[in-house]
Structure formats: C-alpha cells, structure tokens
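Engineer: First, the structure itself, so that you have it in front of you.
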Amino acid sequence: MHVTYEQAEQIIDAAVNKANETGTPSCIAVVDSGANLKAFRRMDDAWVGSIDVAIKKAKTACLFAMPSGDLGKLSQPNGQLYSIEHSNDGLITFPGGLPIVDEHGVLIGAVGVSGGTVNNDHQVAQTGVKVVGLTDLPKHPWRT
C-alpha cells in the first residue's frame, strides 16, 4: 500500500503550517512506499539546496524504515554502517526524514523536510506525519 495523493497533500499542508509557525521556509517531500516522489512543495525563500536534501531524507527514511537521524547514528566513523550515505544514489543521515506508517503498522511512505535546523526539520516532519499516521515501525535489529 502507498500513501495516497490526498494524504501526501495533508502531510505537506500540516508541515507547511508548522514551518510557518517556526518562521522557517522549508522544502517538504513525500515519497510512496517504494521511495518514489509522490508530492513536493518548496516554500517561498526556502533554499534551493534544500530541495535535494528533503527528497533524500524522505527516501532514506523509507528505504530503511526508520527516521533518517537514526540511520545517522549507525553510520558514524567506526560504526557498522559507516559510509552508507553513499549507497542508493545518495542518502541523508541526519534528522528530518520520517517513515509514514498506517494504523496496521505498514510502511506506506515517508516525509522529508529541509530548511531549518535538523531539530526544526524533524519537528516539521513529525507534524506532517501525525495527520495521517504514525512514525514508528516494529523494532528493527539495527535500532537501539
């Protein structure tokens, strides 16, 4: 199952509202469960570089079924997944990408946000996901 167009728009609308609250122009990307871009919005004055970052944060969260920041913790020097960000045509391993999980615990897509601090990006992404689902999947052996 994939995130629907309507859900993707709801996620983006909620995320834009949160980004406006924080005064942070952002790029917001939603991908389906295959990590394909479903919907995207670049707010006025959001950095051009944030376009690619938002999409890759969403892709990262989807492909590894975990928040992008969690993968980042595992990919530090001397870590088991060091350099994983070079796989899959490039990943982003800092916060701002979250999986979207339906009420049955099934991954249906992911959201990625870029434009502010990583904490702000994470909060904006969380606000978006909450309107349609959850962010947590069942425990994965890599996640602590």
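Every chain in the structure tokens has a letter given in the order shown (A, B, ...), and although residue numbers restart at 1 in each chain, ligands are simply numbered from 1 in the order shown.
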So which residues of chain A fall under alpha helix (DSSP H) by DSSP, listed as a PyMOL selection string?

Structural biologist: chain A and resi 5-22+49-63+68-74+118-130

Engineer: Counting only C-alpha atoms, what is within 12 Å of range 37-41 of chain A, bar same-chain residues fewer than 6 positions away, as a PDB file with N, CA and C atoms, in the first residue's frame?

Structural biologist:
```
ATOM      1  N   HIS A   2       0.447   2.276  -0.681  1.00  0.00           N
ATOM      2  CA  HIS A   2       1.181   3.532  -0.760  1.00  0.00           C
ATOM      3  C   HIS A   2       0.399   4.659  -0.109  1.00  0.00           C
ATOM      4  N   VAL A   3       1.137   5.662   0.337  1.00  0.00           N
ATOM      5  CA  VAL A   3       0.500   6.893   0.771  1.00  0.00           C
ATOM      6  C   VAL A   3      -0.290   7.446  -0.425  1.00  0.00           C
ATOM      7  N   THR A   4      -1.490   7.930  -0.183  1.00  0.00           N
ATOM      8  CA  THR A   4      -2.300   8.455  -1.286  1.00  0.00           C
ATOM      9  C   THR A   4      -1.911   9.904  -1.583  1.00  0.00           C
ATOM     10  N   TYR A   5      -2.357  10.365  -2.731  1.00  0.00           N
ATOM     11  CA  TYR A   5      -2.125  11.770  -3.076  1.00  0.00           C
ATOM     12  C   TYR A   5      -2.756  12.684  -2.036  1.00  0.00           C
ATOM     13  N   GLU A   6      -3.983  12.353  -1.621  1.00  0.00           N
ATOM     14  CA  GLU A   6      -4.683  13.180  -0.637  1.00  0.00           C
ATOM     15  C   GLU A   6      -3.932  13.203   0.689  1.00  0.00           C
ATOM     16  N   GLN A   7      -3.431  12.052   1.128  1.00  0.00           N
ATOM     17  CA  GLN A   7      -2.644  12.009   2.361  1.00  0.00           C
ATOM     18  C   GLN A   7      -1.364  12.822   2.222  1.00  0.00           C
ATOM     19  N   ALA A   8      -0.703  12.690   1.075  1.00  0.00           N
ATOM     20  CA  ALA A   8       0.531  13.433   0.842  1.00  0.00           C
ATOM     21  C   ALA A   8       0.283  14.935   0.925  1.00  0.00           C
ATOM     22  N   GLU A   9      -0.816  15.392   0.356  1.00  0.00           N
ATOM     23  CA  GLU A   9      -1.147  16.818   0.416  1.00  0.00           C
ATOM     24  C   GLU A   9      -1.467  17.255   1.848  1.00  0.00           C
ATOM     25  N   GLN A  10      -2.152  16.394   2.611  1.00  0.00           N
ATOM     26  CA  GLN A  10      -2.448  16.707   4.010  1.00  0.00           C
ATOM     27  C   GLN A  10      -1.161  16.826   4.817  1.00  0.00           C
ATOM     28  N   ILE A  11      -0.238  15.923   4.572  1.00  0.00           N
ATOM     29  CA  ILE A  11       1.058  15.948   5.255  1.00  0.00           C
ATOM     30  C   ILE A  11       1.784  17.252   4.941  1.00  0.00           C
ATOM     31  N   ILE A  12       1.839  17.584   3.668  1.00  0.00           N
ATOM     32  CA  ILE A  12       2.547  18.797   3.266  1.00  0.00           C
ATOM     33  C   ILE A  12       1.873  20.044   3.841  1.00  0.00           C
ATOM     34  N   ASP A  13       0.556  20.102   3.792  1.00  0.00           N
ATOM     35  CA  ASP A  13      -0.148  21.261   4.348  1.00  0.00           C
ATOM     36  C   ASP A  13       0.154  21.440   5.831  1.00  0.00           C
ATOM     37  N   ALA A  14       0.111  20.357   6.599  1.00  0.00           N
ATOM     38  CA  ALA A  14       0.404  20.431   8.029  1.00  0.00           C
ATOM     39  C   ALA A  14       1.857  20.833   8.270  1.00  0.00           C
ATOM     40  N   ALA A  15       2.754  20.285   7.472  1.00  0.00           N
ATOM     41  CA  ALA A  15       4.175  20.608   7.620  1.00  0.00           C
ATOM     42  C   ALA A  15       4.434  22.084   7.281  1.00  0.00           C
ATOM     43  N   VAL A  16       3.813  22.584   6.234  1.00  0.00           N
ATOM     44  CA  VAL A  16       3.963  23.999   5.871  1.00  0.00           C
ATOM     45  C   VAL A  16       3.448  24.894   6.997  1.00  0.00           C
ATOM     46  N   ALA A  19       6.065  24.853   9.673  1.00  0.00           N
ATOM     47  CA  ALA A  19       7.234  25.620   9.237  1.00  0.00           C
ATOM     48  C   ALA A  19       6.944  27.114   9.322  1.00  0.00           C
ATOM     49  N   PRO A  25      11.289  28.862   6.216  1.00  0.00           N
ATOM     50  CA  PRO A  25      10.919  28.398   4.871  1.00  0.00           C
ATOM     51  C   PRO A  25      11.566  27.035   4.613  1.00  0.00           C
ATOM     52  N   SER A  26      10.765  26.090   4.189  1.00  0.00           N
ATOM     53  CA  SER A  26      11.246  24.716   4.063  1.00  0.00           C
ATOM     54  C   SER A  26      10.816  24.077   2.758  1.00  0.00           C
ATOM     55  N   CYS A  27      11.505  22.994   2.446  1.00  0.00           N
ATOM     56  CA  CYS A  27      11.106  22.097   1.368  1.00  0.00           C
ATOM     57  C   CYS A  27      10.574  20.841   2.028  1.00  0.00           C
ATOM     58  N   ILE A  28       9.441  20.355   1.537  1.00  0.00           N
ATOM     59  CA  ILE A  28       8.807  19.169   2.103  1.00  0.00           C
ATOM     60  C   ILE A  28       8.555  18.181   0.972  1.00  0.00           C
ATOM     61  N   ALA A  29       9.048  16.961   1.158  1.00  0.00           N
ATOM     62  CA  ALA A  29       8.878  15.898   0.165  1.00  0.00           C
ATOM     63  C   ALA A  29       8.155  14.718   0.796  1.00  0.00           C
ATOM     64  N   VAL A  30       7.256  14.109   0.046  1.00  0.00           N
ATOM     65  CA  VAL A  30       6.588  12.877   0.467  1.00  0.00           C
ATOM     66  C   VAL A  30       6.857  11.838  -0.614  1.00  0.00           C
ATOM     67  N   VAL A  31       7.328  10.671  -0.170  1.00  0.00           N
ATOM     68  CA  VAL A  31       7.552   9.559  -1.090  1.00  0.00           C
ATOM     69  C   VAL A  31       6.599   8.427  -0.751  1.00  0.00           C
ATOM     70  N   VAL A  48      17.431  26.583  -2.282  1.00  0.00           N
ATOM     71  CA  VAL A  48      17.398  25.681  -3.431  1.00  0.00           C
ATOM     72  C   VAL A  48      18.071  24.351  -3.082  1.00  0.00           C
ATOM     73  N   SER A  50      17.972  22.808  -0.426  1.00  0.00           N
ATOM     74  CA  SER A  50      17.106  22.003   0.430  1.00  0.00           C
ATOM     75  C   SER A  50      16.165  21.099  -0.364  1.00  0.00           C
ATOM     76  N   ILE A  51      15.998  21.366  -1.640  1.00  0.00           N
ATOM     77  CA  ILE A  51      15.135  20.517  -2.476  1.00  0.00           C
ATOM     78  C   ILE A  51      15.654  19.086  -2.456  1.00  0.00           C
ATOM     79  N   ASP A  52      16.899  18.905  -2.835  1.00  0.00           N
ATOM     80  CA  ASP A  52      17.505  17.578  -2.893  1.00  0.00           C
ATOM     81  C   ASP A  52      17.592  16.951  -1.507  1.00  0.00           C
ATOM     82  N   ALA A  54      15.632  17.424   1.164  1.00  0.00           N
ATOM     83  CA  ALA A  54      14.315  16.968   1.621  1.00  0.00           C
ATOM     84  C   ALA A  54      13.930  15.648   0.945  1.00  0.00           C
ATOM     85  N   ILE A  55      14.137  15.567  -0.353  1.00  0.00           N
ATOM     86  CA  ILE A  55      13.793  14.343  -1.085  1.00  0.00           C
ATOM     87  C   ILE A  55      14.632  13.169  -0.585  1.00  0.00           C
ATOM     88  N   LYS A  56      15.921  13.391  -0.378  1.00  0.00           N
ATOM     89  CA  LYS A  56      16.794  12.305   0.079  1.00  0.00           C
ATOM     90  C   LYS A  56      16.518  11.914   1.528  1.00  0.00           C
ATOM     91  N   LYS A  57      16.094  12.853   2.365  1.00  0.00           N
ATOM     92  CA  LYS A  57      15.709  12.490   3.732  1.00  0.00           C
ATOM     93  C   LYS A  57      14.494  11.571   3.691  1.00  0.00           C
ATOM     94  N   ALA A  58      13.509  11.900   2.875  1.00  0.00           N
ATOM     95  CA  ALA A  58      12.316  11.054   2.756  1.00  0.00           C
ATOM     96  C   ALA A  58      12.695   9.677   2.214  1.00  0.00           C
ATOM     97  N   LYS A  59      13.510   9.657   1.184  1.00  0.00           N
ATOM     98  CA  LYS A  59      13.950   8.402   0.568  1.00  0.00           C
ATOM     99  C   LYS A  59      14.698   7.536   1.590  1.00  0.00           C
ATOM    100  N   CYS A  62      12.336   6.010   4.123  1.00  0.00           N
ATOM    101  CA  CYS A  62      11.531   4.960   3.501  1.00  0.00           C
ATOM    102  C   CYS A  62      12.359   3.697   3.249  1.00  0.00           C
ATOM    103  N   ILE A 108       3.870   3.033   4.508  1.00  0.00           N
ATOM    104  CA  ILE A 108       3.185   3.477   3.288  1.00  0.00           C
ATOM    105  C   ILE A 108       3.934   4.598   2.585  1.00  0.00           C
ATOM    106  N   GLY A 109       5.040   5.058   3.169  1.00  0.00           N
ATOM    107  CA  GLY A 109       5.825   6.120   2.557  1.00  0.00           C
ATOM    108  C   GLY A 109       6.698   6.794   3.589  1.00  0.00           C
ATOM    109  N   ALA A 110       7.137   8.005   3.255  1.00  0.00           N
ATOM    110  CA  ALA A 110       7.974   8.772   4.178  1.00  0.00           C
ATOM    111  C   ALA A 110       7.906  10.242   3.800  1.00  0.00           C
ATOM    112  N   VAL A 111       8.260  11.076   4.757  1.00  0.00           N
ATOM    113  CA  VAL A 111       8.319  12.516   4.543  1.00  0.00           C
ATOM    114  C   VAL A 111       9.733  12.987   4.852  1.00  0.00           C
ATOM    115  N   GLY A 112      10.189  13.978   4.101  1.00  0.00           N
ATOM    116  CA  GLY A 112      11.482  14.603   4.351  1.00  0.00           C
ATOM    117  C   GLY A 112      11.332  16.108   4.345  1.00  0.00           C
ATOM    118  N   VAL A 113      11.983  16.760   5.297  1.00  0.00           N
ATOM    119  CA  VAL A 113      11.909  18.216   5.418  1.00  0.00           C
ATOM    120  C   VAL A 113      13.312  18.775   5.519  1.00  0.00           C
ATOM    121  N   SER A 114      13.545  19.868   4.803  1.00  0.00           N
ATOM    122  CA  SER A 114      14.827  20.559   4.881  1.00  0.00           C
ATOM    123  C   SER A 114      14.595  22.054   4.755  1.00  0.00           C
ATOM    124  N   GLY A 115      15.321  22.810   5.564  1.00  0.00           N
ATOM    125  CA  GLY A 115      15.221  24.264   5.501  1.00  0.00           C
ATOM    126  C   GLY A 115      15.677  24.944   6.770  1.00  0.00           C
TER     127      GLY A 115
END
```

Engineer: Measuring between only C-alpha atoms, which one of A:Gly49, A:Pro95, A:Gly90, A:Gly133 shows the shortest distance to Lys73 in chain A?

Structural biologist: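 Among the listed residues, the smallest separation from Lys73 in chain A belongs to A:Pro95.
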
Engineer: Got a sec to tell me which of chain A DSSP assigns to strand (DSSP E or B), as a ChimeraX atom specification?

Structural biologist: /A:27-32,37-42,97-101,107-114,134

Engineer: For the residues selected in the previous step, produce a file with N, CA and C atoms as a PDB file, in the first residue's frame.

Structural biologist:
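Now in part.pdb:
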```pdb
ATOM      1  N   CYS A  27      11.505  22.994   2.446  1.00  0.00           N
ATOM      2  CA  CYS A  27      11.106  22.097   1.368  1.00  0.00           C
ATOM      3  C   CYS A  27      10.574  20.841   2.028  1.00  0.00           C
ATOM      4  N   ILE A  28       9.441  20.355   1.537  1.00  0.00           N
ATOM      5  CA  ILE A  28       8.807  19.169   2.103  1.00  0.00           C
ATOM      6  C   ILE A  28       8.555  18.181   0.972  1.00  0.00           C
ATOM      7  N   ALA A  29       9.048  16.961   1.158  1.00  0.00           N
ATOM      8  CA  ALA A  29       8.878  15.898   0.165  1.00  0.00           C
ATOM      9  C   ALA A  29       8.155  14.718   0.796  1.00  0.00           C
ATOM     10  N   VAL A  30       7.256  14.109   0.046  1.00  0.00           N
ATOM     11  CA  VAL A  30       6.588  12.877   0.467  1.00  0.00           C
ATOM     12  C   VAL A  30       6.857  11.838  -0.614  1.00  0.00           C
ATOM     13  N   VAL A  31       7.328  10.671  -0.170  1.00  0.00           N
ATOM     14  CA  VAL A  31       7.552   9.559  -1.090  1.00  0.00           C
ATOM     15  C   VAL A  31       6.599   8.427  -0.751  1.00  0.00           C
ATOM     16  N   ASP A  32       6.313   7.578  -1.749  1.00  0.00           N
ATOM     17  CA  ASP A  32       5.463   6.417  -1.512  1.00  0.00           C
ATOM     18  C   ASP A  32       6.304   5.287  -0.911  1.00  0.00           C
ATOM     19  N   LEU A  37       8.953   9.761  -5.431  1.00  0.00           N
ATOM     20  CA  LEU A  37       8.361  11.041  -5.057  1.00  0.00           C
ATOM     21  C   LEU A  37       6.870  11.054  -5.369  1.00  0.00           C
ATOM     22  N   LYS A  38       6.068  11.381  -4.365  1.00  0.00           N
ATOM     23  CA  LYS A  38       4.621  11.438  -4.503  1.00  0.00           C
ATOM     24  C   LYS A  38       4.147  12.890  -4.543  1.00  0.00           C
ATOM     25  N   ALA A  39       4.731  13.731  -3.680  1.00  0.00           N
ATOM     26  CA  ALA A  39       4.345  15.142  -3.629  1.00  0.00           C
ATOM     27  C   ALA A  39       5.511  15.945  -3.063  1.00  0.00           C
ATOM     28  N   PHE A  40       5.574  17.198  -3.471  1.00  0.00           N
ATOM     29  CA  PHE A  40       6.674  18.067  -3.038  1.00  0.00           C
ATOM     30  C   PHE A  40       6.188  19.503  -3.004  1.00  0.00           C
ATOM     31  N   ARG A  41       6.707  20.257  -2.033  1.00  0.00           N
ATOM     32  CA  ARG A  41       6.435  21.689  -2.011  1.00  0.00           C
ATOM     33  C   ARG A  41       7.674  22.422  -1.503  1.00  0.00           C
ATOM     34  N   ARG A  42       8.031  23.494  -2.212  1.00  0.00           N
ATOM     35  CA  ARG A  42       9.115  24.374  -1.781  1.00  0.00           C
ATOM     36  C   ARG A  42       8.484  25.708  -1.411  1.00  0.00           C
ATOM     37  N   GLY A  97      13.854  13.245   8.185  1.00  0.00           N
ATOM     38  CA  GLY A  97      13.157  12.249   7.383  1.00  0.00           C
ATOM     39  C   GLY A  97      12.481  11.243   8.295  1.00  0.00           C
ATOM     40  N   LEU A  98      11.177  11.018   8.080  1.00  0.00           N
ATOM     41  CA  LEU A  98      10.418  10.089   8.925  1.00  0.00           C
ATOM     42  C   LEU A  98       9.579   9.141   8.079  1.00  0.00           C
ATOM     43  N   PRO A  99       9.533   7.873   8.478  1.00  0.00           N
ATOM     44  CA  PRO A  99       8.627   6.948   7.797  1.00  0.00           C
ATOM     45  C   PRO A  99       7.179   7.303   8.113  1.00  0.00           C
ATOM     46  N   ILE A 100       6.282   6.926   7.231  1.00  0.00           N
ATOM     47  CA  ILE A 100       4.848   7.070   7.448  1.00  0.00           C
ATOM     48  C   ILE A 100       4.288   5.657   7.547  1.00  0.00           C
ATOM     49  N   VAL A 101       3.696   5.362   8.685  1.00  0.00           N
ATOM     50  CA  VAL A 101       3.194   4.028   8.980  1.00  0.00           C
ATOM     51  C   VAL A 101       1.691   4.121   9.189  1.00  0.00           C
ATOM     52  N   LEU A 107       4.402   0.249   6.468  1.00  0.00           N
ATOM     53  CA  LEU A 107       5.068   1.408   5.888  1.00  0.00           C
ATOM     54  C   LEU A 107       4.367   1.797   4.589  1.00  0.00           C
ATOM     55  N   ILE A 108       3.870   3.033   4.508  1.00  0.00           N
ATOM     56  CA  ILE A 108       3.185   3.477   3.288  1.00  0.00           C
ATOM     57  C   ILE A 108       3.934   4.598   2.585  1.00  0.00           C
ATOM     58  N   GLY A 109       5.040   5.058   3.169  1.00  0.00           N
ATOM     59  CA  GLY A 109       5.825   6.120   2.557  1.00  0.00           C
ATOM     60  C   GLY A 109       6.698   6.794   3.589  1.00  0.00           C
ATOM     61  N   ALA A 110       7.137   8.005   3.255  1.00  0.00           N
ATOM     62  CA  ALA A 110       7.974   8.772   4.178  1.00  0.00           C
ATOM     63  C   ALA A 110       7.906  10.242   3.800  1.00  0.00           C
ATOM     64  N   VAL A 111       8.260  11.076   4.757  1.00  0.00           N
ATOM     65  CA  VAL A 111       8.319  12.516   4.543  1.00  0.00           C
ATOM     66  C   VAL A 111       9.733  12.987   4.852  1.00  0.00           C
ATOM     67  N   GLY A 112      10.189  13.978   4.101  1.00  0.00           N
ATOM     68  CA  GLY A 112      11.482  14.603   4.351  1.00  0.00           C
ATOM     69  C   GLY A 112      11.332  16.108   4.345  1.00  0.00           C
ATOM     70  N   VAL A 113      11.983  16.760   5.297  1.00  0.00           N
ATOM     71  CA  VAL A 113      11.909  18.216   5.418  1.00  0.00           C
ATOM     72  C   VAL A 113      13.312  18.775   5.519  1.00  0.00           C
ATOM     73  N   SER A 114      13.545  19.868   4.803  1.00  0.00           N
ATOM     74  CA  SER A 114      14.827  20.559   4.881  1.00  0.00           C
ATOM     75  C   SER A 114      14.595  22.054   4.755  1.00  0.00           C
ATOM     76  N   LEU A 134       1.440   7.199  11.770  1.00  0.00           N
ATOM     77  CA  LEU A 134       2.456   7.099  12.807  1.00  0.00           C
ATOM     78  C   LEU A 134       3.835   7.180  12.176  1.00  0.00           C
TER      79      LEU A 134
END
```

Engineer: Using only C-alpha atoms, pick whichever of A:Ser75, A:Thr93, A:Asn36, A:Thr24 has the shortest atom-to-atom distance to Thr117 in chain A.

Structural biologist: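 Using only C-alpha atoms, the shortest distance to Thr117 in chain A belongs to A:Thr24.
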
Engineer: Rank A:Val132, A:Ala46, A:Val106, A:Ile84 by their smallest atom-to-atom distance to Ala65 in chain A, using only C-alpha atoms, and report the top residue only.

Structural biologist: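 For Ala65 in chain A, the nearest of the candidates is A:Val106.
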
Engineer: Nearest to Phe64 in chain A among A:Asp102, A:Glu85, A:Asp121, A:Glu21, with distances taken over only C-alpha atoms: which residue is it?

Structural biologist: A:Glu85

Engineer: Between A:Asn20, A:Gly128, A:Thr60, A:Asp44, which is the closest to Asp89 in chain A once you count only C-alpha atoms?

Structural biologist: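 Of A:Asn20, A:Gly128, A:Thr60, A:Asp44, the one nearest Asp89 in chain A, counting only C-alpha atoms, is A:Thr60.
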